[in-house]
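The file query-v7.txt contains compact mmCIF, C-alpha atoms and all ligand atoms:
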```txt
# COMPACT_ATOMS: atom_id res chain seq x y z
CA MET A 1 -14.85 -22.84 21.18
CA ARG A 2 -14.59 -20.46 24.11
CA HIS A 3 -16.85 -17.42 24.53
CA ILE A 4 -16.49 -14.71 27.18
CA PRO A 5 -20.00 -14.11 28.57
CA ASN A 6 -18.48 -13.49 32.01
CA LEU A 7 -15.34 -14.83 33.67
CA LYS A 8 -16.97 -17.80 35.36
CA ASP A 9 -15.55 -20.38 32.94
CA LEU A 10 -11.97 -19.12 33.08
CA THR A 11 -9.61 -20.49 35.69
CA GLY A 12 -7.47 -18.18 37.81
CA ASP A 13 -4.43 -19.26 35.77
CA GLU A 14 -6.22 -18.45 32.50
CA ILE A 15 -7.15 -14.98 33.78
CA ARG A 16 -3.54 -14.43 34.89
CA ASP A 17 -2.43 -15.52 31.40
CA VAL A 18 -4.74 -12.92 29.80
CA LEU A 19 -3.43 -10.19 32.13
CA GLU A 20 0.21 -11.16 31.49
CA ARG A 21 -0.41 -10.96 27.74
CA ALA A 22 -2.03 -7.54 28.23
CA ALA A 23 1.01 -6.29 30.16
CA LYS A 24 3.38 -7.65 27.49
CA ILE A 25 1.54 -5.89 24.67
CA LYS A 26 1.24 -2.68 26.68
CA ALA A 27 5.01 -2.69 27.31
CA ASN A 28 5.95 -3.33 23.67
CA PRO A 29 2.95 -2.59 21.44
CA SER A 30 4.93 -2.44 18.21
CA ASP A 31 5.95 -6.10 18.65
CA TYR A 32 2.30 -7.08 18.23
CA GLY A 33 1.31 -4.91 15.27
CA ALA A 34 0.62 -7.92 13.04
CA LEU A 35 -0.80 -10.31 15.66
CA LEU A 36 -4.33 -10.14 14.21
CA ALA A 37 -3.42 -9.19 10.66
CA ASN A 38 -6.35 -9.66 8.25
CA LYS A 39 -8.75 -10.47 11.12
CA SER A 40 -12.05 -8.62 11.46
CA MET A 41 -14.20 -8.28 14.55
CA ALA A 42 -17.82 -7.14 14.65
CA MET A 43 -18.76 -4.81 17.52
CA LEU A 44 -22.52 -4.98 18.04
CA PHE A 45 -24.13 -2.32 20.23
CA GLN A 46 -27.68 -2.17 21.59
CA LYS A 47 -26.60 0.54 24.03
CA THR A 48 -24.40 3.63 24.12
CA SER A 49 -20.67 3.42 24.72
CA THR A 50 -17.50 5.48 24.61
CA ARG A 51 -14.76 3.28 26.05
CA THR A 52 -15.91 -0.13 24.89
CA ARG A 53 -16.27 1.00 21.30
CA VAL A 54 -13.09 3.10 21.11
CA SER A 55 -10.84 0.70 23.02
CA PHE A 56 -11.87 -2.36 21.01
CA GLU A 57 -11.65 -0.53 17.70
CA ALA A 58 -8.28 1.08 18.47
CA GLY A 59 -7.03 -2.20 19.94
CA MET A 60 -7.94 -4.24 16.87
CA THR A 61 -6.31 -1.64 14.62
CA GLU A 62 -3.11 -1.65 16.68
CA LEU A 63 -2.99 -5.46 16.52
CA GLY A 64 -3.16 -5.32 12.72
CA GLY A 65 -6.83 -6.25 12.50
CA HIS A 66 -10.05 -4.37 11.86
CA ALA A 67 -13.18 -3.71 13.91
CA ILE A 68 -16.60 -3.04 12.39
CA TYR A 69 -19.14 -1.03 14.39
CA VAL A 70 -22.63 -2.51 14.07
CA ASP A 71 -25.36 -0.33 15.57
CA TRP A 72 -28.28 -2.56 16.51
CA MET A 73 -30.87 0.11 15.66
CA THR A 74 -29.56 0.78 12.15
CA SER A 75 -28.85 -2.85 11.30
CA ASN A 76 -31.26 -5.63 10.44
CA PHE A 77 -30.97 -7.00 13.96
CA VAL A 78 -34.10 -4.85 14.50
CA LEU A 79 -35.98 -6.77 11.81
CA SER A 80 -34.88 -10.35 11.97
CA GLY A 81 -34.17 -13.14 14.44
CA ILE A 82 -31.12 -12.39 16.54
CA GLU A 83 -29.74 -15.89 15.88
CA TYR A 84 -29.92 -15.46 12.08
CA GLU A 85 -28.17 -12.13 12.11
CA ALA A 86 -25.53 -13.35 14.59
CA GLU A 87 -24.81 -16.49 12.59
CA TYR A 88 -24.40 -14.38 9.47
CA LEU A 89 -22.01 -12.00 11.27
CA SER A 90 -19.90 -14.95 12.35
CA THR A 91 -19.41 -16.04 8.73
CA ASN A 92 -17.69 -12.77 7.81
CA VAL A 93 -15.72 -11.95 10.98
CA SER A 94 -13.50 -13.97 13.31
CA CYS A 95 -14.84 -12.54 16.58
CA ILE A 96 -17.99 -10.78 17.83
CA MET A 97 -18.07 -8.33 20.71
CA ALA A 98 -21.60 -7.45 21.80
CA ARG A 99 -23.06 -4.92 24.22
CA VAL A 100 -26.66 -5.90 24.86
CA MET A 101 -29.46 -5.00 27.28
CA HIS A 102 -30.09 -8.55 28.38
CA HIS A 103 -27.73 -11.45 29.02
CA SER A 104 -30.30 -13.71 27.36
CA ASP A 105 -29.59 -11.91 24.06
CA LEU A 106 -25.87 -12.53 24.50
CA GLN A 107 -26.63 -16.22 25.04
CA LYS A 108 -28.58 -16.30 21.77
CA ILE A 109 -25.67 -14.68 19.94
CA MET A 110 -23.24 -17.20 21.44
CA SER A 111 -25.43 -20.14 20.51
CA ALA A 112 -25.65 -18.99 16.86
CA SER A 113 -22.10 -17.79 16.37
CA ARG A 114 -19.40 -19.86 14.69
CA VAL A 115 -16.71 -17.58 16.18
CA PRO A 116 -15.85 -16.46 19.73
CA VAL A 117 -18.20 -13.94 21.34
CA ILE A 118 -17.10 -11.40 23.96
CA ASN A 119 -19.57 -9.72 26.31
CA GLY A 120 -19.08 -5.96 25.98
CA CYS A 121 -21.38 -5.40 28.99
CA ASP A 122 -24.93 -6.49 29.70
CA GLU A 123 -27.15 -6.09 32.74
CA LYS A 124 -25.39 -8.90 34.62
CA PHE A 125 -21.70 -8.87 33.66
CA HIS A 126 -18.92 -6.64 32.38
CA PRO A 127 -15.97 -9.04 32.08
CA CYS A 128 -13.71 -6.73 30.02
CA GLN A 129 -14.05 -4.08 32.70
CA ALA A 130 -13.07 -6.54 35.42
CA LEU A 131 -9.96 -7.65 33.48
CA THR A 132 -9.07 -3.97 33.04
CA ASP A 133 -9.57 -3.29 36.72
CA LEU A 134 -7.29 -6.11 37.84
CA LEU A 135 -4.64 -5.08 35.31
CA THR A 136 -4.83 -1.56 36.78
CA ILE A 137 -4.70 -2.78 40.37
CA SER A 138 -1.66 -4.95 39.58
CA GLU A 139 0.11 -1.86 38.17
CA HIS A 140 -0.68 0.33 41.17
CA HIS A 141 -0.10 -2.13 43.99
CA ASP A 142 3.28 -2.87 45.48
CA GLY A 143 3.75 -6.52 46.21
CA ASP A 144 1.48 -9.51 45.93
CA LEU A 145 -2.11 -8.97 44.80
CA SER A 146 -3.28 -11.12 47.70
CA ASP A 147 -2.35 -8.18 49.96
CA ALA A 148 -4.54 -5.73 48.06
CA HIS A 149 -7.95 -4.77 49.44
CA LEU A 150 -10.48 -3.48 46.93
CA VAL A 151 -13.56 -1.81 48.40
CA TYR A 152 -16.44 -1.34 45.97
CA VAL A 153 -18.85 1.33 47.21
CA GLY A 154 -22.25 1.73 45.57
CA VAL A 155 -24.91 -0.53 44.13
CA GLN A 156 -24.44 -4.18 43.27
CA ASN A 157 -24.56 -4.43 39.50
CA ASN A 158 -22.85 -5.90 36.42
CA VAL A 159 -19.52 -4.30 37.43
CA SER A 160 -19.58 -5.50 41.03
CA ASN A 161 -20.69 -8.96 39.86
CA SER A 162 -17.68 -9.19 37.56
CA LEU A 163 -15.34 -7.90 40.28
CA ALA A 164 -16.67 -10.57 42.67
CA ILE A 165 -15.99 -13.31 40.11
CA ILE A 166 -12.47 -12.15 39.19
CA CYS A 167 -11.38 -11.36 42.77
CA ASP A 168 -12.57 -14.76 43.96
CA LYS A 169 -10.59 -16.48 41.19
CA LEU A 170 -7.42 -14.41 41.66
CA GLY A 171 -7.46 -14.39 45.46
CA VAL A 172 -7.86 -10.62 45.76
CA ASN A 173 -9.68 -9.24 48.81
CA LEU A 174 -12.92 -7.52 47.79
CA THR A 175 -15.44 -5.88 50.05
CA LEU A 176 -18.75 -4.84 48.54
CA ALA A 177 -20.00 -1.89 50.57
CA THR A 178 -23.59 -1.65 49.41
CA PRO A 179 -26.99 -1.12 51.04
CA GLU A 180 -28.74 -3.90 52.90
CA ASN A 181 -31.25 -5.84 50.86
CA ASP A 182 -29.51 -4.61 47.74
CA ASP A 183 -30.90 -7.40 45.60
CA ASN A 184 -29.22 -5.69 42.61
CA GLY A 185 -32.43 -5.96 40.60
CA GLU A 186 -31.94 -7.19 37.07
CA SER A 187 -28.22 -7.82 37.62
CA MET A 188 -28.93 -10.54 40.21
CA ASP A 189 -26.88 -13.68 39.54
CA ALA A 190 -27.08 -16.76 41.75
CA ASP A 191 -23.42 -17.71 41.31
CA VAL A 192 -22.29 -14.25 42.35
CA GLN A 193 -24.56 -14.33 45.38
CA GLU A 194 -22.94 -17.64 46.33
CA ILE A 195 -19.46 -16.12 45.96
CA ILE A 196 -20.46 -13.22 48.23
CA LYS A 197 -21.84 -15.69 50.75
CA SER A 198 -19.03 -18.23 50.77
CA SER A 199 -15.79 -16.89 49.26
CA ALA A 200 -12.92 -16.36 51.67
CA ARG A 201 -11.94 -13.28 49.66
CA VAL A 202 -15.26 -11.59 48.91
CA ASN A 203 -17.54 -10.16 51.54
CA HIS A 204 -20.30 -7.62 52.01
CA VAL A 205 -20.78 -4.76 54.45
CA ILE A 206 -23.47 -2.12 54.64
CA ASP A 207 -21.39 0.76 55.97
CA PRO A 208 -18.49 1.78 53.69
CA LYS A 209 -16.91 3.85 56.46
CA ALA A 210 -16.30 0.63 58.40
CA VAL A 211 -13.85 -0.59 55.74
CA ILE A 212 -12.51 2.49 53.91
CA GLY A 213 -9.62 2.81 56.37
CA ASP A 214 -8.34 -0.63 55.32
CA ALA A 215 -8.83 -0.11 51.57
CA SER A 216 -5.94 0.02 49.12
CA PHE A 217 -8.41 0.72 46.29
CA VAL A 218 -11.86 2.30 46.51
CA TYR A 219 -14.08 1.78 43.47
CA THR A 220 -17.44 3.21 42.52
CA ASP A 221 -19.81 3.00 39.59
CA THR A 222 -23.07 4.61 38.49
CA TRP A 223 -26.07 4.09 40.74
CA VAL A 224 -28.44 4.09 37.76
CA ASP A 225 -27.87 2.03 34.61
CA MET A 226 -26.99 3.98 31.47
CA GLN A 227 -30.25 3.25 29.66
CA TYR A 228 -32.26 4.73 32.57
CA PHE A 229 -30.09 7.71 33.56
CA ASN A 230 -31.64 10.29 31.21
CA ASN A 231 -34.95 8.47 30.74
CA PRO A 232 -37.86 10.73 31.89
CA ASN A 233 -40.01 7.66 32.58
CA PHE A 234 -37.47 6.62 35.18
CA ALA A 235 -37.13 10.08 36.82
CA ASP A 236 -39.00 9.28 40.07
CA GLU A 237 -37.16 5.99 40.55
CA LYS A 238 -33.86 7.72 39.82
CA GLU A 239 -34.59 10.45 42.39
CA ALA A 240 -35.40 7.87 45.07
CA LYS A 241 -32.28 5.85 44.23
CA VAL A 242 -30.03 8.93 44.38
CA LYS A 243 -31.48 9.95 47.76
CA ALA A 244 -30.94 6.47 49.18
CA MET A 245 -27.43 6.21 47.79
CA MET A 246 -26.02 9.60 48.88
CA PRO A 247 -24.37 8.08 52.00
CA TYR A 248 -22.33 5.97 49.55
CA GLN A 249 -20.96 8.92 47.54
CA ILE A 250 -17.16 8.95 47.19
CA ASN A 251 -16.25 12.38 48.52
CA ARG A 252 -13.65 14.04 50.76
CA GLU A 253 -15.54 13.17 53.92
CA MET A 254 -15.82 9.52 52.91
CA LEU A 255 -12.14 9.07 52.06
CA GLY A 256 -10.57 11.39 54.65
CA ASP A 257 -6.79 11.05 54.56
CA SER A 258 -6.86 7.41 53.43
CA ASP A 259 -4.01 6.63 51.03
CA CYS A 260 -6.30 4.41 48.91
CA LYS A 261 -6.38 4.75 45.13
CA ILE A 262 -9.70 5.88 43.64
CA MET A 263 -11.23 3.88 40.78
CA HIS A 264 -14.30 4.33 38.57
CA ASP A 265 -15.08 2.46 35.35
CA MET A 266 -16.67 5.58 33.72
CA PRO A 267 -18.85 7.22 32.52
CA ILE A 268 -18.71 9.47 35.60
CA HIS A 269 -21.82 11.14 36.99
CA ASP A 270 -20.41 14.17 38.82
CA GLY A 271 -22.10 14.83 42.13
CA TYR A 272 -23.81 11.46 42.22
CA GLU A 273 -21.58 8.43 42.97
CA ILE A 274 -18.43 10.61 43.14
CA THR A 275 -17.58 14.29 43.45
CA SER A 276 -15.54 16.02 40.76
CA GLU A 277 -12.98 16.81 43.47
CA MET A 278 -12.32 13.11 44.02
CA VAL A 279 -12.14 12.41 40.28
CA LYS A 280 -9.26 14.91 40.10
CA ASP A 281 -7.74 14.00 43.47
CA PRO A 282 -4.07 12.87 43.36
CA ARG A 283 -5.24 9.46 44.60
CA SER A 284 -7.43 9.00 41.52
CA ILE A 285 -6.23 6.42 38.98
CA ILE A 286 -9.46 6.63 36.99
CA PHE A 287 -7.87 7.67 33.70
CA PHE A 288 -5.09 5.05 33.96
CA GLN A 289 -7.89 2.53 34.51
CA ALA A 290 -9.83 3.78 31.49
CA GLU A 291 -6.73 3.69 29.30
CA ASN A 292 -6.22 0.07 30.32
CA ARG A 293 -9.48 -1.00 28.67
CA MET A 294 -7.60 -1.22 25.39
CA HIS A 295 -4.56 -2.97 26.83
CA ALA A 296 -6.58 -5.55 28.78
CA GLN A 297 -8.74 -6.31 25.75
CA LYS A 298 -5.69 -6.77 23.55
CA GLY A 299 -4.52 -9.43 26.01
CA LEU A 300 -7.95 -11.04 25.90
CA LEU A 301 -8.08 -11.01 22.08
CA TRP A 302 -4.61 -12.60 21.85
CA TRP A 303 -5.61 -15.32 24.31
CA LEU A 304 -9.04 -15.92 22.76
CA TYR A 305 -7.83 -16.06 19.15
CA GLU A 306 -5.12 -18.51 20.18
CA GLU A 307 -7.64 -20.64 22.13
CA ALA A 308 -9.87 -20.75 19.02
CA GLY A 309 -6.95 -21.77 16.80
CA LEU A 310 -7.38 -18.60 14.75
CA ILE A 311 -3.75 -17.50 15.10
N1 LIG B 1 -16.84 1.44 31.25
C1 LIG B 1 -17.47 1.36 30.07
O1 LIG B 1 -17.90 0.27 29.66
O2 LIG B 1 -17.54 2.52 29.35
P1 LIG B 1 -18.52 2.74 28.11
O3 LIG B 1 -19.92 2.50 28.61
O4 LIG B 1 -18.30 4.15 27.66
O5 LIG B 1 -18.17 1.74 27.04
```
Would you encode the structure as structure tokens?
Amino acid sequence: MRHIPNLKDLTGDEIRDVLERAAKIKANPSDYGALLANKSMAMLFQKTSTRTRVSFEAGMTELGGHAIYVDWMTSNFVLSGIEYEAEYLSTNVSCIMARVMHHSDLQKIMSASRVPVINGCDEKFHPCQALTDLLTISEHHDGDLSDAHLVYVGVQNNVSNSLAIICDKLGVNLTLATPENDDNGESMDADVQEIIKSSARVNHVIDPKAVIGDASFVYTDTWVDMQYFNNPNFADEKEAKVKAMMPYQINREMLGDSDCKIMHDMPIHDGYEITSEMVKDPRSIIFFQAENRMHAQKGLLWWLYEEAGLI
């Protein structure tokens, strides 16, 4: 049985298959209204979410299935062993999507589950976002994806890790423009570091201005993880991070007259990683990207359910 903890175990052809399915459903959604009829998916959340919750729930509904929101804090996951609760969940649903603080928790859920588990974002990986991003890039790029150049500007994190994995597998040029010695803290992953070091497609620079001129897509993400952003205990660390990261802000000066498209996985922190002017700039495809969460995940669900022999 396949799980989706990240995209490491999928081949490039398998990822292309998922994205082709997503595009097919997006083009003709009514053809797929019974694809997951009578199937239920549990959506387990340890952290806040807007897009992941809404896009999976709407997507399951539109595919004829049903999604059940399970809030960690108001469920008995807070009382019992994570493996027991996860195994139980997997007896009543055919898929689990989980957003957890720590990848180790996702691994426990996967080991206990009798049904496929999808990572809805943890501190190391955000595979559904990366699938969405490549679907969006394929829609907004003329010609072969191998000609596209994605420049990620900001901090190395779960999003940049997942972009590195998917771009390496699909042969898309990715430059991570992030500070030196950005050891990406808790999101550090040895395989991703190896990709950055050795992939012909993925590389790292310190100065974003050195590569912006060559970018077809410029992408940014929050500098501070969601669980820390409004946490008063993290205020000093946040202030220091913001000060250090200001040279990486996506703003008019940074982009100049580049004809690159602007991407952001949301939620947006106005005045931090991006200015509101750039969010609304004609080059911004941020809301097309956000809309694609649902379409990309429909493609993933179709592929995953078929892989598991569930449809
Ligand atoms: N991009 C993303 O995962 O959005 P949410 O945190 O709102 O789910």
**Asked** Within 6 Å of ligand LIG 1 (chain B), counting all atoms listed in the file, which protein or nucleic acid residues do you find, written as a PyMOL selection string?
**Response** chain A and resi 49-52+265-267
Dump as a tab-separated table (two decimals), keeping the file's coordinate frame, selection limited to C-alpha atoms:
```
chain	number	residue	atom	x	y	z
A	49	SER	CA	-20.67	3.42	24.72
A	50	THR	CA	-17.50	5.48	24.61
A	51	ARG	CA	-14.76	3.28	26.05
A	52	THR	CA	-15.91	-0.13	24.89
A	265	ASP	CA	-15.08	2.46	35.35
A	266	MET	CA	-16.67	5.58	33.72
A	267	PRO	CA	-18.85	7.22	32.52
```
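Nearest residue to A:Asn92 among A:His126, A:Thr74, A:Asn233, A:Ser40 is A:Ser40, counting all atoms listed in the file.
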**Prompt:** Between A:Gln193, A:Ser30, A:Ser94, A:Asn203, which has the minimum distance to A:Tyr305 (counting only C-alpha atoms)?
**Reply:**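 Using only C-alpha atoms, the shortest distance to A:Tyr305 belongs to A:Ser94.
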**Message:** Residues within 12 Å of (-24.4, -16.0, 21.2), file coordinates, counting only C-alpha atoms: what are they? Give the list as a PyMOL selection string.
**Reply:** chain A and resi 1-5+44+82-90+95-100+102-119
**Atom pair atom CA of A:Ala200 / atom CA of A:Ile212: separation (Å)** = 19.0 Å
